[in-house]
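Here is the structure we will look at.
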Amino acid sequence: MANEKFRAPRNRTLTLSPEEIQHYTSQLLRLEGAIAPPDLRNKTISQDLFEILDWLPAQFVDLLFIDPPYNLTKSFGTASFRERSRSAYQIWLESWLPPLLKILKPTASVYICGDWRSSAAIQLVAEQYLTIRNCITWEREKGRGAKANWKNCSEQIWFCTVSEQYTFNLEAVKLRRKVIAPYTDATGNPKDWEKTESGNYRLTHPSNLWTDLSIPFWSMPENTEHPTQKPEKLLAKIILASSNLNDWVFDPFLGSGTTSVVAKKTGRNYVGVELDPLHGCLTEKRLAIADQNKAIQGYAEGVFWERNSIQS
């Protein structure tokens, strides 16, 4: 991942130097047997999920965020995934999801990401072991349009819980939207909105349609070269809604580390599993940066802002 290709002066994509790879590799955790939660706190496990499943402790996680390989042929650094039939993809999901659920507290929530190719299988597997609460659709506006098909610019996230008791912090995830046609009461005062110097805004309840996210790109400080990186803002919505301060957040397909980074920025404990060691190093670099900068693009003053708004 040490890059020598030319980059524009405003390109802020995070990369790793050989010295950083050596430094951050030493911080990655490798399990050799069963381990207790205190020894996992705020760690990046650099191993295959299947290798460590039996060694993970029981009932210590409050929020499980899962962004598995979608049912596509794709490379992820040193690892790759090949597209298969829906039934075969479902069998693959069932090979790791049920045994992974043992790590969850009875009050835990689970979010599982997918696209239109994989969501049917995800639903079939999830509903066997969890209570499905909702399906979030988020706008993934990036890339060129297709010539003989509709442009694919949405993905799904299945919101599930272990039981009827779970965390959902409504006030923490409200969205501040611009008011285009503001209502006023009989005296002319704002009704359910506020007037500011930068415009009129209303705090709205979060829905299962998310159109306020920006995919990380080259001029954003959170951007990496990981092919399927999720926005920090997306993880902030999930973590703030479905966990509390000092809760445990677990990501079994960590990628470039967004889940752990946002958990750290929001005061949660985190554990991530990542097969590719360079992506594990990239996670550790992002975590070190988060020590100095806890900003999350699109989240300010305790609320989420619309994409490309003045405050984002």
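Residues in the structure tokens are named by chain (A, B, ... in the order shown) and by number from 1 within that chain; ligands are numbered from 1 in the order shown.
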Query - Who sits within 10 Å of range 119-123 of chain A, only C-alpha atoms, same chain under 2 positions skipped, as a list in words - result: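 Answer for this query is Tyr70, Asn71, Arg86, Ser87, Ala88, Tyr89, Gln90, Ile91, Trp92, Leu93, Glu94, Ile112, Cys113, Gly114, Asp115, Trp116, Arg117, Val125, Ala126, Glu127, Gln128, Leu130, Ile132, Cys135, Glu155, Gln156, Ile157 and Trp158 of chain A.
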Could you name the residues that touch Glu32 in chain A at 9 Å or less, counting only C-alpha atoms, but leaving out those on the same chain fewer than 2 positions away, as a JSON list (two decimals) with N, CA and C atoms, in the first residue's frame?
[["chain", "number", "residue", "atom", "x", "y", "z"],
["A", 30, "ARG", "N", -2.99, -11.20, 17.22],
["A", 30, "ARG", "CA", -3.24, -12.53, 16.69],
["A", 30, "ARG", "C", -3.61, -13.45, 17.85],
["A", 34, "ALA", "N", -8.57, -19.21, 23.33],
["A", 34, "ALA", "CA", -9.64, -18.44, 23.96],
["A", 34, "ALA", "C", -9.07, -17.20, 24.64],
["A", 35, "ILE", "N", -9.85, -16.15, 24.63],
["A", 35, "ILE", "CA", -9.38, -14.86, 25.15],
["A", 35, "ILE", "C", -10.53, -14.16, 25.87],
["A", 52, "ILE", "N", -10.84, -17.85, 14.27],
["A", 52, "ILE", "CA", -10.95, -17.39, 15.66],
["A", 52, "ILE", "C", -12.36, -17.49, 16.23],
["A", 55, "TRP", "N", -12.83, -19.03, 19.59],
["A", 55, "TRP", "CA", -12.05, -18.47, 20.68],
["A", 55, "TRP", "C", -12.65, -17.18, 21.25]]
Report task. Write out as a list in words which residues come within 7 Å of Val261 in chain A when counting only C-alpha atoms, dropping same-chain ones fewer than 6 positions away. Result -> Arg286, Leu287 and Ala290 of chain A
Just the selected residues (C-alpha atoms), exported as a compact mmCIF listing (two decimals), in the first residue's frame, please.
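Final file, out.txt:
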# COMPACT_ATOMS: atom_id res chain seq x y z
CA ARG A 286 -6.68 5.88 11.30
CA LEU A 287 -7.15 5.10 15.00
CA ALA A 290 -8.54 9.83 15.73
Under the rule of at most 12 Å, produce a per-residue listing of range 77-192 of chain A near range 248-253 of chain A: chain, number, name, the closest pair of atoms, and the distance in Å, as a tab-separated table, using only C-alpha atoms.
residue	atom	partner	partner_atom	distance
A:Ala79	CA	A:Phe253	CA	11.7
A:Trp96	CA	A:Pro252	CA	9.9
A:Leu97	CA	A:Pro252	CA	9.9
A:Leu100	CA	A:Pro252	CA	8.8
A:Leu101	CA	A:Phe250	CA	11.0
A:Ile103	CA	A:Phe250	CA	9.1
A:Leu104	CA	A:Phe250	CA	9.4
A:Lys105	CA	A:Trp248	CA	9.8
A:Thr107	CA	A:Trp248	CA	11.9
A:Ala108	CA	A:Trp248	CA	9.6
A:Ser109	CA	A:Val249	CA	9.9
A:Val110	CA	A:Phe250	CA	9.7
A:Tyr111	CA	A:Asp251	CA	10.0
A:Ile112	CA	A:Asp251	CA	10.3
A:Cys113	CA	A:Phe253	CA	10.8
Report task. Work out how far apart CA of Arg268 in chain A and CA of Leu245 in chain A are and give it in Å to one decimal. Result ->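 Interatomic distance here is 5.4 Å.
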Requested in this report: Check the smallest atom-to-atom distance from each of A:Ser243, A:Thr15, A:Thr259, A:Thr204 to Val179 in chain A using only C-alpha atoms, then report the winner.
Outcome: A:Thr204
Report task. Any chance you could list, as a VMD selection string, the residues in range 18-149 of chain A that come up strand (DSSP E or B) when DSSP is run on the backbone? Result -> chain A and resid 29 43 to 45 61 to 66 74 to 76 79 to 81 104 to 114 131 to 139
Query raised in the report: From the set A:Ser17, A:Ser95, A:Gln297, A:Ser154, which residue has the shortest atom-to-atom contact distance to Leu53 in chain A, counting only C-alpha atoms?
Result: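 Among the listed residues, the smallest separation from Leu53 in chain A belongs to A:Ser95.
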Query raised in the report: If you count only C-alpha atoms, which residues fall within 10 Å of Ile21 in chain A, apart from same-chain ones fewer than 2 positions away, as a list in words?
Result: Met1, Ala2, Thr15, Leu16, Ser17, Pro18, Glu19, His23, Tyr24, Thr25, Ser26, Pro277, Leu278, His279, Gly280, Cys281, Leu282, Glu284 and Lys285 of chain A
Query raised in the report: Residues at most 6 Å from Arg176 in chain A, counting only C-alpha atoms, excluding those fewer than 4 positions away in the same chain, as a list in words?
Result: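 The filter keeps Arg202, Leu203, Phe304 and Trp305 of chain A.
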Report task. List every residue of range 143-294 of chain A that DSSP, applied to the backbone, labels as helix (DSSP H, G or I), and write the result as a ChimeraX atom specification. Result -> /A:170-173,232-242,258-265,277-290
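Residue nearest Leu56 in chain A within the list A:Lys147, A:Lys237, A:Lys74, A:Lys102: A:Lys102 [criterion: smallest interatomic distance, only C-alpha atoms].
When only C-alpha atoms are used to measure the gap to Ile238 in chain A, the shortest distance among A:Phe159, A:Tyr299, A:Phe50, A:Trp150 belongs to A:Phe159.
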Query raised in the report: With distances taken over only C-alpha atoms, which of A:Gln27, A:Ile45, A:Arg84, A:Gln22 is nearest to Gly272 in chain A?
Result: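 Among the listed residues, A:Ile45 lies closest to Gly272 in chain A.
Of the residues listed (A:Ala148, A:Val273, A:Lys178, A:Gly267), A:Val273 shows the shortest atom-to-atom separation from Glu51 in chain A; distances use only C-alpha atoms.
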Hey, what's within 6 Å of Thr73 in chain A if we count only C-alpha atoms and toss same-chain stuff fewer than 2 positions away? As a JSON list (two decimals) with C-alpha atoms, in the first residue's frame, please?
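Okay, this is what ended up in around-v2.json:
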[["chain", "number", "residue", "atom", "x", "y", "z"],
["A", 81, "PHE", "CA", -14.42, -13.32, -3.01],
["A", 82, "ARG", "CA", -16.10, -15.00, -5.96],
["A", 83, "GLU", "CA", -19.72, -14.60, -6.97]]
Report task. For Asp276 in chain A, work out the shell of residues within 8 Å, counting only C-alpha atoms and skipping chain neighbours fewer than 5 positions away, then give it as a ChimeraX atom specification. Result -> /A:46-47,76-79,255
Write the residues of the selection above to a file with N, CA and C atoms, as an mmCIF file, in the first residue's frame.
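Saved file result.cif follows:
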data_model
loop_
_atom_site.group_PDB
_atom_site.id
_atom_site.type_symbol
_atom_site.label_atom_id
_atom_site.label_comp_id
_atom_site.auth_asym_id
_atom_site.auth_seq_id
_atom_site.Cartn_x
_atom_site.Cartn_y
_atom_site.Cartn_z
ATOM 1 N N SER A 46 -5.816 -9.509 13.436
ATOM 2 C CA SER A 46 -5.346 -9.729 12.069
ATOM 3 C C SER A 46 -5.357 -11.224 11.767
ATOM 4 N N GLN A 47 -6.559 -11.763 11.503
ATOM 5 C CA GLN A 47 -6.719 -13.189 11.231
ATOM 6 C C GLN A 47 -7.986 -13.431 10.438
ATOM 7 N N PHE A 76 -10.015 -7.889 -2.238
ATOM 8 C CA PHE A 76 -9.860 -7.023 -1.070
ATOM 9 C C PHE A 76 -8.426 -7.152 -0.575
ATOM 10 N N GLY A 77 -7.506 -6.495 -1.254
ATOM 11 C CA GLY A 77 -6.105 -6.638 -0.892
ATOM 12 C C GLY A 77 -5.620 -8.037 -1.215
ATOM 13 N N THR A 78 -5.159 -8.759 -0.193
ATOM 14 C CA THR A 78 -4.648 -10.115 -0.408
ATOM 15 C C THR A 78 -5.765 -11.150 -0.453
ATOM 16 N N ALA A 79 -6.985 -10.762 -0.108
ATOM 17 C CA ALA A 79 -8.120 -11.678 -0.110
ATOM 18 C C ALA A 79 -9.022 -11.387 -1.300
ATOM 19 N N GLY A 255 -12.238 -4.336 7.245
ATOM 20 C CA GLY A 255 -11.793 -3.541 6.108
ATOM 21 C C GLY A 255 -10.772 -2.501 6.513
#
Query raised in the report: What gap, in Å, lies between CA of Pro37 in chain A and CA of Pro231 in chain A?
Result: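 Rounded to one decimal, the two atoms are 27.3 Å apart.
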